[in-house]
>>> print(open('upload.cif').read())   # mmCIF, C-alpha atoms
data_work
loop_
_atom_site.label_atom_id
_atom_site.label_comp_id
_atom_site.auth_asym_id
_atom_site.auth_seq_id
_atom_site.Cartn_x
_atom_site.Cartn_y
_atom_site.Cartn_z
CA MET G 1 0.00 0.00 0.00
CA GLU G 2 1.56 3.24 -1.19
CA VAL G 3 0.07 6.70 -0.75
CA LEU G 4 1.30 9.12 -3.42
CA ARG G 5 -0.05 12.38 -2.05
CA ILE G 6 -2.97 14.14 -0.42
CA HIS G 7 -5.37 14.26 -3.37
CA HIS G 8 -7.85 16.61 -1.70
CA VAL G 9 -9.26 17.86 1.56
CA ALA G 10 -13.01 18.36 1.50
CA PHE G 11 -14.92 21.11 3.28
CA ALA G 12 -18.70 20.95 3.57
CA HIS G 13 -20.71 24.16 3.59
CA SER G 14 -24.19 25.49 2.87
CA SER G 15 -25.30 27.60 -0.08
CA ASP G 16 -25.51 30.77 1.99
CA THR G 17 -21.77 30.70 2.73
CA PRO G 18 -19.73 32.12 -0.14
CA VAL G 19 -16.66 29.99 0.55
CA PRO G 20 -15.33 30.00 -3.04
CA ARG G 21 -15.35 33.82 -3.06
CA LEU G 22 -13.77 33.98 0.41
CA LEU G 23 -10.95 31.65 -0.60
CA GLN G 24 -10.35 33.59 -3.81
CA GLU G 25 -10.38 37.03 -2.20
CA GLY G 26 -8.53 35.98 0.92
CA LEU G 27 -5.98 33.53 -0.45
CA GLY G 28 -6.04 33.88 -4.23
CA LEU G 29 -7.34 30.32 -4.63
CA GLU G 30 -9.61 29.77 -7.63
CA VAL G 31 -12.06 27.03 -8.52
CA GLY G 32 -10.69 24.91 -11.36
CA HIS G 33 -13.44 22.36 -11.83
CA THR G 34 -17.09 21.99 -10.83
CA GLU G 35 -19.30 18.89 -10.78
CA HIS G 36 -22.84 18.24 -9.60
CA GLY G 37 -23.65 15.36 -7.27
CA GLU G 38 -26.86 14.21 -5.62
CA GLY G 39 -27.84 17.16 -3.45
CA PHE G 40 -24.50 18.92 -3.68
CA VAL G 41 -22.12 20.85 -5.90
CA GLU G 42 -18.45 19.89 -5.76
CA ARG G 43 -15.79 22.48 -6.56
CA MET G 44 -12.11 21.54 -6.93
CA ILE G 45 -9.55 24.24 -6.14
CA PRO G 46 -5.97 23.37 -7.15
CA VAL G 47 -3.35 24.01 -4.42
CA GLY G 48 0.11 22.76 -5.34
CA ASP G 49 -0.19 19.05 -6.18
CA SER G 50 -3.47 18.73 -4.27
CA TYR G 51 -6.95 20.21 -4.20
CA VAL G 52 -9.27 21.78 -1.72
CA GLN G 53 -12.69 20.32 -2.48
CA LEU G 54 -15.69 22.44 -1.56
CA LEU G 55 -18.89 20.47 -1.03
CA GLU G 56 -21.88 22.80 -1.15
CA ALA G 57 -25.18 21.28 -0.06
CA THR G 58 -27.90 22.16 -2.56
CA GLY G 59 -30.53 19.62 -1.44
CA GLN G 60 -31.00 16.45 0.58
CA GLY G 61 -28.01 14.13 0.59
CA VAL G 62 -24.80 13.25 2.37
CA VAL G 63 -23.51 16.82 2.51
CA GLN G 64 -26.78 18.20 3.89
CA ARG G 65 -26.85 15.45 6.52
CA PHE G 66 -23.28 16.28 7.55
CA LEU G 67 -24.21 19.96 7.91
CA GLU G 68 -27.30 19.15 9.97
CA ARG G 69 -25.21 17.10 12.36
CA TRP G 70 -21.95 19.06 12.55
CA GLY G 71 -22.37 22.38 10.80
CA PRO G 72 -19.85 23.55 8.22
CA GLY G 73 -16.48 21.86 8.56
CA LEU G 74 -13.78 19.67 7.11
CA HIS G 75 -15.53 16.58 5.78
CA HIS G 76 -12.94 14.07 4.63
CA LEU G 77 -9.35 13.53 3.54
CA ALA G 78 -8.54 11.86 0.23
CA PHE G 79 -5.27 10.07 -0.45
CA GLU G 80 -4.12 9.38 -4.00
CA VAL G 81 -2.98 5.79 -4.49
CA PRO G 82 -1.83 3.99 -7.63
CA ASP G 83 -4.54 1.32 -7.37
CA VAL G 84 -7.74 1.83 -5.38
CA GLN G 85 -8.77 -1.82 -5.67
CA ALA G 86 -5.46 -2.93 -4.16
CA GLY G 87 -5.89 -0.35 -1.38
CA VAL G 88 -9.41 -1.50 -0.56
CA THR G 89 -8.30 -5.14 -0.53
CA SER G 90 -5.37 -4.34 1.75
CA LEU G 91 -7.49 -2.29 4.15
CA ALA G 92 -10.27 -4.88 4.27
CA ALA G 93 -7.68 -7.57 5.02
CA ALA G 94 -6.40 -5.38 7.88
CA GLY G 95 -9.95 -5.27 9.27
CA ALA G 96 -10.93 -1.77 8.18
CA PRO G 97 -14.69 -1.34 7.65
CA LEU G 98 -15.49 0.10 4.23
CA VAL G 99 -18.14 2.54 3.02
CA ASP G 100 -17.65 1.43 -0.58
CA GLN G 101 -17.18 -2.32 -0.85
CA ALA G 102 -15.80 -1.84 -4.35
CA PRO G 103 -14.17 1.13 -6.10
CA ARG G 104 -16.53 3.35 -8.07
CA PRO G 105 -16.22 6.29 -10.48
CA GLY G 106 -15.43 9.64 -8.83
CA ALA G 107 -15.13 13.17 -10.18
CA MET G 108 -12.76 14.12 -12.99
CA GLY G 109 -12.37 10.56 -14.28
CA THR G 110 -11.03 9.21 -10.99
CA ILE G 111 -11.79 5.89 -9.32
CA VAL G 112 -12.59 6.20 -5.62
CA ALA G 113 -13.55 4.32 -2.47
CA PHE G 114 -14.47 5.64 0.96
CA ILE G 115 -13.22 3.90 4.09
CA HIS G 116 -15.47 4.00 7.15
CA PRO G 117 -14.42 6.67 9.70
CA SER G 118 -14.17 4.04 12.43
CA ALA G 119 -11.15 2.60 10.59
CA PHE G 120 -9.10 5.70 11.41
CA GLY G 121 -10.42 6.81 14.78
CA GLY G 122 -13.16 9.00 13.35
CA MET G 123 -11.50 10.38 10.22
CA LEU G 124 -13.37 9.79 6.96
CA VAL G 125 -10.76 8.73 4.40
CA GLU G 126 -11.20 8.38 0.65
CA LEU G 127 -8.81 6.60 -1.70
CA VAL G 128 -8.48 8.16 -5.15
CA GLN G 129 -6.89 6.70 -8.26
CA ALA G 130 -6.08 9.31 -10.92
CA PRO G 131 -7.30 8.62 -14.47
CA GLN G 132 -3.70 8.66 -15.73
CA MET G 133 -0.19 9.42 -14.57
CA ARG G 134 0.48 13.14 -14.13
CA MET H 1 -1.03 36.31 -1.88
CA GLU H 2 0.28 33.02 -3.20
CA VAL H 3 -0.41 29.59 -1.75
CA LEU H 4 2.34 27.10 -2.56
CA ARG H 5 0.75 23.88 -1.36
CA ILE H 6 -1.30 22.21 1.34
CA HIS H 7 1.27 22.08 4.13
CA HIS H 8 -0.77 19.81 6.37
CA VAL H 9 -4.22 18.63 7.33
CA ALA H 10 -4.69 18.21 11.07
CA PHE H 11 -6.76 15.52 12.76
CA ALA H 12 -7.59 15.75 16.47
CA HIS H 13 -7.93 12.58 18.52
CA SER H 14 -7.74 11.30 22.06
CA SER H 15 -5.02 9.17 23.62
CA ASP H 16 -7.16 6.04 23.59
CA THR H 17 -7.36 6.05 19.78
CA PRO H 18 -4.26 4.53 18.18
CA VAL H 19 -4.49 6.64 15.01
CA PRO H 20 -0.76 6.54 14.21
CA ARG H 21 -0.79 2.73 14.28
CA LEU H 22 -4.00 2.57 12.24
CA LEU H 23 -2.56 4.84 9.56
CA GLN H 24 0.63 2.84 9.44
CA GLU H 25 -1.01 -0.58 9.31
CA GLY H 26 -3.82 0.49 7.02
CA LEU H 27 -2.08 2.87 4.63
CA GLY H 28 1.65 2.47 5.23
CA LEU H 29 1.94 6.05 6.52
CA GLU H 30 4.61 6.58 9.17
CA VAL H 31 5.20 9.35 11.68
CA GLY H 32 8.25 11.40 10.68
CA HIS H 33 8.37 13.99 13.43
CA THR H 34 6.88 14.45 16.90
CA GLU H 35 6.58 17.60 19.02
CA HIS H 36 4.94 18.32 22.34
CA GLY H 37 2.57 21.27 22.79
CA GLU H 38 0.51 22.51 25.72
CA GLY H 39 -1.82 19.60 26.42
CA PHE H 40 -1.17 17.78 23.18
CA VAL H 41 1.32 15.76 21.16
CA GLU H 42 1.72 16.66 17.50
CA ARG H 43 2.83 14.01 15.00
CA MET H 44 3.72 14.87 11.42
CA ILE H 45 3.26 12.14 8.81
CA PRO H 46 4.75 12.92 5.39
CA VAL H 47 2.41 12.29 2.44
CA GLY H 48 3.82 13.45 -0.89
CA ASP H 49 4.68 17.15 -0.54
CA SER H 50 2.34 17.56 2.45
CA TYR H 51 1.76 16.15 5.91
CA VAL H 52 -1.05 14.66 7.88
CA GLN H 53 -0.75 16.17 11.35
CA LEU H 54 -2.12 14.13 14.22
CA LEU H 55 -3.04 16.16 17.30
CA GLU H 56 -3.38 13.89 20.30
CA ALA H 57 -4.89 15.49 23.39
CA THR H 58 -2.82 14.62 26.45
CA GLY H 59 -4.24 17.22 28.85
CA GLN H 60 -6.24 20.44 28.97
CA GLY H 61 -5.77 22.69 25.98
CA VAL H 62 -7.08 23.53 22.54
CA VAL H 63 -7.12 19.94 21.30
CA GLN H 64 -8.97 18.66 24.37
CA ARG H 65 -11.52 21.47 24.03
CA PHE H 66 -12.06 20.57 20.36
CA LEU H 67 -12.62 16.92 21.30
CA GLU H 68 -15.07 17.83 24.06
CA ARG H 69 -17.11 19.88 21.63
CA TRP H 70 -16.89 17.85 18.42
CA GLY H 71 -15.26 14.51 19.13
CA PRO H 72 -12.38 13.26 17.00
CA GLY H 73 -12.22 14.88 13.59
CA LEU H 74 -10.38 16.99 11.07
CA HIS H 75 -9.24 20.09 12.94
CA HIS H 76 -7.69 22.54 10.50
CA LEU H 77 -6.11 23.00 7.08
CA ALA H 78 -2.68 24.60 6.73
CA PHE H 79 -1.51 26.31 3.56
CA GLU H 80 2.16 26.92 2.91
CA VAL H 81 2.87 30.49 1.78
CA PRO H 82 6.18 32.22 1.05
CA ASP H 83 5.60 34.94 3.67
CA VAL H 84 3.17 34.52 6.57
CA GLN H 85 3.39 38.18 7.57
CA ALA H 86 2.37 39.26 4.06
CA GLY H 87 -0.47 36.74 4.15
CA VAL H 88 -1.76 37.98 7.50
CA THR H 89 -1.57 41.60 6.34
CA SER H 90 -3.43 40.77 3.13
CA LEU H 91 -6.14 38.81 4.92
CA ALA H 92 -6.60 41.44 7.62
CA ALA H 93 -6.92 44.11 4.92
CA ALA H 94 -9.61 41.93 3.29
CA GLY H 95 -11.50 41.93 6.61
CA ALA H 96 -10.62 38.42 7.78
CA PRO H 97 -10.63 38.04 11.57
CA LEU H 98 -7.38 36.54 12.86
CA VAL H 99 -6.61 34.15 15.71
CA ASP H 100 -2.93 35.17 15.69
CA GLN H 101 -2.56 38.91 15.22
CA ALA H 102 1.09 38.37 14.34
CA PRO H 103 3.00 35.34 13.01
CA ARG H 104 4.58 33.11 15.65
CA PRO H 105 6.94 30.12 15.74
CA GLY H 106 5.37 26.78 14.76
CA ALA H 107 6.69 23.22 14.72
CA MET H 108 9.79 22.19 12.78
CA GLY H 109 11.16 25.72 12.51
CA THR H 110 8.13 27.11 10.70
CA ILE H 111 6.43 30.48 11.17
CA VAL H 112 2.66 30.23 11.46
CA ALA H 113 -0.55 32.18 11.95
CA PHE H 114 -4.10 30.93 12.41
CA ILE H 115 -6.99 32.71 10.70
CA HIS H 116 -10.35 32.70 12.50
CA PRO H 117 -12.78 30.06 11.14
CA SER H 118 -15.39 32.73 10.47
CA ALA H 119 -13.12 34.10 7.72
CA PHE H 120 -13.71 30.95 5.63
CA GLY H 121 -17.25 29.94 6.47
CA GLY H 122 -16.26 27.76 9.42
CA MET H 123 -12.94 26.31 8.23
CA LEU H 124 -9.97 26.88 10.53
CA VAL H 125 -7.06 27.85 8.30
CA GLU H 126 -3.39 28.13 9.24
CA LEU H 127 -0.71 29.83 7.18
CA VAL H 128 2.73 28.20 7.35
CA GLN H 129 6.06 29.58 6.19
CA ALA H 130 8.75 26.94 5.79
CA PRO H 131 12.12 27.57 7.49
CA GLN H 132 13.89 27.46 4.11
CA MET H 133 13.24 26.62 0.48
CA ARG H 134 12.83 22.92 -0.15
#
>>> encode(input="upload.cif", output="C-alpha cells")
Amino acid sequence: MEVLRIHHVAFAHSSDTPVPRLLQEGLGLEVGHTEHGEGFVERMIPVGDSYVQLLEATGQGVVQRFLERWGPGLHHLAFEVPDVQAGVTSLAAAGAPLVDQAPRPGAMGTIVAFIHPSAFGGMLVELVQAPQMR
Amino acid sequence: MEVLRIHHVAFAHSSDTPVPRLLQEGLGLEVGHTEHGEGFVERMIPVGDSYVQLLEATGQGVVQRFLERWGPGLHHLAFEVPDVQAGVTSLAAAGAPLVDQAPRPGAMGTIVAFIHPSAFGGMLVELVQAPQMR
C-alpha cells in the first residue's frame, strides 16, 4: 500500500456561505473544476499538487446530513494511491470497515472508495486513483 | 497572496485512539516527526509534498476542548505560503478576523498564523512559512 499524495481535503458548507469567493479574495485560490452530485455541488480548487474540495449542499443528501449534524467543517481527507482496488483489498484484510465495498467512479475521471471513519479513529478517508499518470 | 501547497491537514484525537498505528497498518503512513505542545502531542506524517498532522490530546488545551465539543475529527487545514506576515496583512486588509494577530513560531522551525474560522465559512485555516526553500 503506497500513498502518493494528499489528493484533496473536502470542506462541507451550505449555499448561503460564499466559501469559493472567500478563498479567492482571501488567499487567491480559484475554482478549477465543478461537478454536480446528488444534493450537492463539488468544486475543486488546485493548491500545489493537491486540491481543496468544496462540497456545497444544494438539497438532501450526504452533505446536507453532515451539515445538519456538525455544521460547516472539514468533511474528509482523500489520499491518492496507484490502485484503489489494491488499497481496498489491503485495508479490508487489515480489518478496516469500508463505506464502498468496491471502487466506483469519482469526479474528474477518478476511481474512488471511501473507508469508514471508524477505521481511522473517526477520520473519513477516501482513496483516489487518478485517471492517468500526471 | 500566493499559496504554494497544502502544508498539512490536522486531525484531532484522544489518547485512547491509536491513530498513528491505524494509519501505518492500514495505509503504510509513518510518523516522521513528533513535538509536544501545551496539552497535546503533535505528530507529522509525510504524504507526498504535504503532511497529515495528528493532534493527540494529552491534557487540557485547545485539542482537548475541540474533542469535548466535536469529538475526533479533522481540525484545520494549513496552507504553505512564502511569507506569513504578508499573508496575514493581506487577509486582515480583506477583513478576515485573525486568531494570531502576528506570526509566531510553529513546529519544525516554521512560522505560522491561524486565521479565525469565520473568515472561511467555518474552516480553521493556518498559514505556514517553511524555514527554508525545499
>>> resolve_selection(input="upload.cif", expression="the PyMOL selection byres ((chain G and resi 96) around 9)", output="number ranges by chain")
G: 88, 90-95, 97-98, 115-116, 118-120; H: 26
>>> write_last_selection(input="upload.cif", atoms="C-alpha atoms", output="mmCIF file, keeping the file's coordinate frame")
data_model
loop_
_atom_site.group_PDB
_atom_site.id
_atom_site.type_symbol
_atom_site.label_atom_id
_atom_site.label_comp_id
_atom_site.auth_asym_id
_atom_site.auth_seq_id
_atom_site.Cartn_x
_atom_site.Cartn_y
_atom_site.Cartn_z
ATOM 1 C CA VAL G 88 -9.410 -1.500 -0.560
ATOM 2 C CA SER G 90 -5.370 -4.340 1.750
ATOM 3 C CA LEU G 91 -7.490 -2.290 4.150
ATOM 4 C CA ALA G 92 -10.270 -4.880 4.270
ATOM 5 C CA ALA G 93 -7.680 -7.570 5.020
ATOM 6 C CA ALA G 94 -6.400 -5.380 7.880
ATOM 7 C CA GLY G 95 -9.950 -5.270 9.270
ATOM 8 C CA PRO G 97 -14.690 -1.340 7.650
ATOM 9 C CA LEU G 98 -15.490 0.100 4.230
ATOM 10 C CA ILE G 115 -13.220 3.900 4.090
ATOM 11 C CA HIS G 116 -15.470 4.000 7.150
ATOM 12 C CA SER G 118 -14.170 4.040 12.430
ATOM 13 C CA ALA G 119 -11.150 2.600 10.590
ATOM 14 C CA PHE G 120 -9.100 5.700 11.410
ATOM 15 C CA GLY H 26 -3.820 0.490 7.020
#
>>> interface_residues(input="upload.cif", of="chain H", to="chain G", cutoff="7 Å", atoms="all atoms listed in the file", output="ChimeraX atom specification")
/H:1-6,17,19,22-23,26-28,47-50,72-74,91,94,120-123
>>> closest_residue(input="upload.cif", among="H:Gln53, H:Thr58, H:Gln129, H:Gln85", to="Pro103 in chain H", atoms="only C-alpha atoms")
H:Gln85
>>> atom_distance(input="upload.cif", atom1="CA of Pro131 in chain H", atom2="CA of Met108 in chain H")
7.9 Å
>>> residues_around(input="upload.cif", residues="Ala113 in chain H", least_positions_apart="3", cutoff="7 Å", atoms="all atoms listed in the file", output="VMD selection string")
chain H and resid 84 100 102 to 104 126 to 128
>>> atom_distance(input="upload.cif", atom1="CA of Gly109 in chain H", atom2="CA of Gly39 in chain H")
20.0 Å
>>> closest_residue(input="upload.cif", among="G:Phe66, G:Gly61, G:Ala130, G:Leu54", to="Ala10 in chain G", atoms="all atoms listed in the file")
G:Leu54
>>> build_atoms(input="upload.cif", residues="range 3-14 of chain H", atoms="all heavy atoms", output="PDB file, keeping the file's coordinate frame")
ATOM      1  N   VAL H   3      -0.452  30.813  -2.549  1.00  0.00           N
ATOM      2  CA  VAL H   3      -0.410  29.590  -1.750  1.00  0.00           C
ATOM      3  C   VAL H   3       0.403  28.555  -2.518  1.00  0.00           C
ATOM      4  O   VAL H   3       0.106  28.254  -3.675  1.00  0.00           O
ATOM      5  CB  VAL H   3      -1.827  29.058  -1.458  1.00  0.00           C
ATOM      6  CG1 VAL H   3      -1.751  27.732  -0.738  1.00  0.00           C
ATOM      7  CG2 VAL H   3      -2.608  30.068  -0.622  1.00  0.00           C
ATOM      8  N   LEU H   4       1.436  28.016  -1.871  1.00  0.00           N
ATOM      9  CA  LEU H   4       2.340  27.100  -2.560  1.00  0.00           C
ATOM     10  C   LEU H   4       1.803  25.667  -2.580  1.00  0.00           C
ATOM     11  O   LEU H   4       1.977  24.947  -3.548  1.00  0.00           O
ATOM     12  CB  LEU H   4       3.712  27.112  -1.882  1.00  0.00           C
ATOM     13  CG  LEU H   4       4.402  28.482  -1.816  1.00  0.00           C
ATOM     14  CD1 LEU H   4       5.677  28.386  -0.994  1.00  0.00           C
ATOM     15  CD2 LEU H   4       4.710  28.989  -3.222  1.00  0.00           C
ATOM     16  N   ARG H   5       1.201  25.267  -1.467  1.00  0.00           N
ATOM     17  CA  ARG H   5       0.750  23.880  -1.360  1.00  0.00           C
ATOM     18  C   ARG H   5      -0.077  23.735  -0.070  1.00  0.00           C
ATOM     19  O   ARG H   5      -0.066  24.627   0.772  1.00  0.00           O
ATOM     20  CB  ARG H   5       1.946  22.932  -1.302  1.00  0.00           C
ATOM     21  CG  ARG H   5       2.663  22.908   0.039  1.00  0.00           C
ATOM     22  CD  ARG H   5       3.977  22.160  -0.025  1.00  0.00           C
ATOM     23  NE  ARG H   5       5.064  23.021  -0.445  1.00  0.00           N
ATOM     24  CZ  ARG H   5       6.063  22.636  -1.248  1.00  0.00           C
ATOM     25  NH1 ARG H   5       6.109  21.415  -1.699  1.00  0.00           N
ATOM     26  NH2 ARG H   5       7.023  23.481  -1.574  1.00  0.00           N
ATOM     27  N   ILE H   6      -0.737  22.594   0.047  1.00  0.00           N
ATOM     28  CA  ILE H   6      -1.300  22.210   1.340  1.00  0.00           C
ATOM     29  C   ILE H   6      -0.118  21.756   2.193  1.00  0.00           C
ATOM     30  O   ILE H   6       0.563  20.792   1.842  1.00  0.00           O
ATOM     31  CB  ILE H   6      -2.343  21.084   1.186  1.00  0.00           C
ATOM     32  CG1 ILE H   6      -3.594  21.622   0.486  1.00  0.00           C
ATOM     33  CG2 ILE H   6      -2.691  20.485   2.551  1.00  0.00           C
ATOM     34  CD1 ILE H   6      -4.643  20.562   0.197  1.00  0.00           C
ATOM     35  N   HIS H   7       0.157  22.476   3.271  1.00  0.00           N
ATOM     36  CA  HIS H   7       1.270  22.080   4.130  1.00  0.00           C
ATOM     37  C   HIS H   7       0.874  20.871   4.983  1.00  0.00           C
ATOM     38  O   HIS H   7       1.583  19.877   5.034  1.00  0.00           O
ATOM     39  CB  HIS H   7       1.718  23.235   5.022  1.00  0.00           C
ATOM     40  CG  HIS H   7       2.942  22.925   5.831  1.00  0.00           C
ATOM     41  ND1 HIS H   7       2.870  22.328   7.078  1.00  0.00           N
ATOM     42  CD2 HIS H   7       4.257  23.075   5.560  1.00  0.00           C
ATOM     43  CE1 HIS H   7       4.102  22.156   7.531  1.00  0.00           C
ATOM     44  NE2 HIS H   7       4.955  22.591   6.637  1.00  0.00           N
ATOM     45  N   HIS H   8      -0.270  20.974   5.642  1.00  0.00           N
ATOM     46  CA  HIS H   8      -0.770  19.810   6.370  1.00  0.00           C
ATOM     47  C   HIS H   8      -2.271  19.896   6.602  1.00  0.00           C
ATOM     48  O   HIS H   8      -2.869  20.959   6.482  1.00  0.00           O
ATOM     49  CB  HIS H   8      -0.037  19.616   7.708  1.00  0.00           C
ATOM     50  CG  HIS H   8      -0.231  20.721   8.712  1.00  0.00           C
ATOM     51  ND1 HIS H   8       0.683  21.744   8.868  1.00  0.00           N
ATOM     52  CD2 HIS H   8      -1.205  20.961   9.617  1.00  0.00           C
ATOM     53  CE1 HIS H   8       0.272  22.556   9.837  1.00  0.00           C
ATOM     54  NE2 HIS H   8      -0.882  22.105  10.307  1.00  0.00           N
ATOM     55  N   VAL H   9      -2.832  18.746   6.897  1.00  0.00           N
ATOM     56  CA  VAL H   9      -4.220  18.630   7.330  1.00  0.00           C
ATOM     57  C   VAL H   9      -4.162  18.014   8.712  1.00  0.00           C
ATOM     58  O   VAL H   9      -3.506  16.981   8.902  1.00  0.00           O
ATOM     59  CB  VAL H   9      -5.018  17.684   6.409  1.00  0.00           C
ATOM     60  CG1 VAL H   9      -6.473  17.665   6.820  1.00  0.00           C
ATOM     61  CG2 VAL H   9      -4.855  18.098   4.962  1.00  0.00           C
ATOM     62  N   ALA H  10      -4.796  18.663   9.677  1.00  0.00           N
ATOM     63  CA  ALA H  10      -4.690  18.210  11.070  1.00  0.00           C
ATOM     64  C   ALA H  10      -5.929  17.448  11.496  1.00  0.00           C
ATOM     65  O   ALA H  10      -7.059  17.847  11.192  1.00  0.00           O
ATOM     66  CB  ALA H  10      -4.469  19.405  11.985  1.00  0.00           C
ATOM     67  N   PHE H  11      -5.693  16.366  12.219  1.00  0.00           N
ATOM     68  CA  PHE H  11      -6.760  15.520  12.760  1.00  0.00           C
ATOM     69  C   PHE H  11      -6.583  15.440  14.271  1.00  0.00           C
ATOM     70  O   PHE H  11      -5.509  15.078  14.760  1.00  0.00           O
ATOM     71  CB  PHE H  11      -6.663  14.116  12.136  1.00  0.00           C
ATOM     72  CG  PHE H  11      -7.654  13.130  12.682  1.00  0.00           C
ATOM     73  CD1 PHE H  11      -9.000  13.236  12.367  1.00  0.00           C
ATOM     74  CD2 PHE H  11      -7.255  12.097  13.518  1.00  0.00           C
ATOM     75  CE1 PHE H  11      -9.933  12.335  12.868  1.00  0.00           C
ATOM     76  CE2 PHE H  11      -8.173  11.180  14.022  1.00  0.00           C
ATOM     77  CZ  PHE H  11      -9.510  11.310  13.695  1.00  0.00           C
ATOM     78  N   ALA H  12      -7.638  15.771  15.008  1.00  0.00           N
ATOM     79  CA  ALA H  12      -7.590  15.750  16.470  1.00  0.00           C
ATOM     80  C   ALA H  12      -8.166  14.447  17.000  1.00  0.00           C
ATOM     81  O   ALA H  12      -9.224  14.003  16.541  1.00  0.00           O
ATOM     82  CB  ALA H  12      -8.377  16.933  17.037  1.00  0.00           C
ATOM     83  N   HIS H  13      -7.467  13.840  17.954  1.00  0.00           N
ATOM     84  CA  HIS H  13      -7.930  12.580  18.520  1.00  0.00           C
ATOM     85  C   HIS H  13      -7.478  12.455  19.962  1.00  0.00           C
ATOM     86  O   HIS H  13      -6.610  13.187  20.421  1.00  0.00           O
ATOM     87  CB  HIS H  13      -7.442  11.389  17.680  1.00  0.00           C
ATOM     88  CG  HIS H  13      -5.952  11.201  17.704  1.00  0.00           C
ATOM     89  ND1 HIS H  13      -5.339  10.293  18.527  1.00  0.00           N
ATOM     90  CD2 HIS H  13      -4.954  11.812  17.025  1.00  0.00           C
ATOM     91  CE1 HIS H  13      -4.022  10.353  18.335  1.00  0.00           C
ATOM     92  NE2 HIS H  13      -3.769  11.268  17.429  1.00  0.00           N
ATOM     93  N   SER H  14      -8.087  11.508  20.652  1.00  0.00           N
ATOM     94  CA  SER H  14      -7.740  11.300  22.060  1.00  0.00           C
ATOM     95  C   SER H  14      -6.669  10.223  22.185  1.00  0.00           C
ATOM     96  O   SER H  14      -6.348   9.530  21.219  1.00  0.00           O
ATOM     97  CB  SER H  14      -8.983  10.899  22.851  1.00  0.00           C
ATOM     98  OG  SER H  14      -9.494   9.699  22.314  1.00  0.00           O
TER      99      SER H  14
END
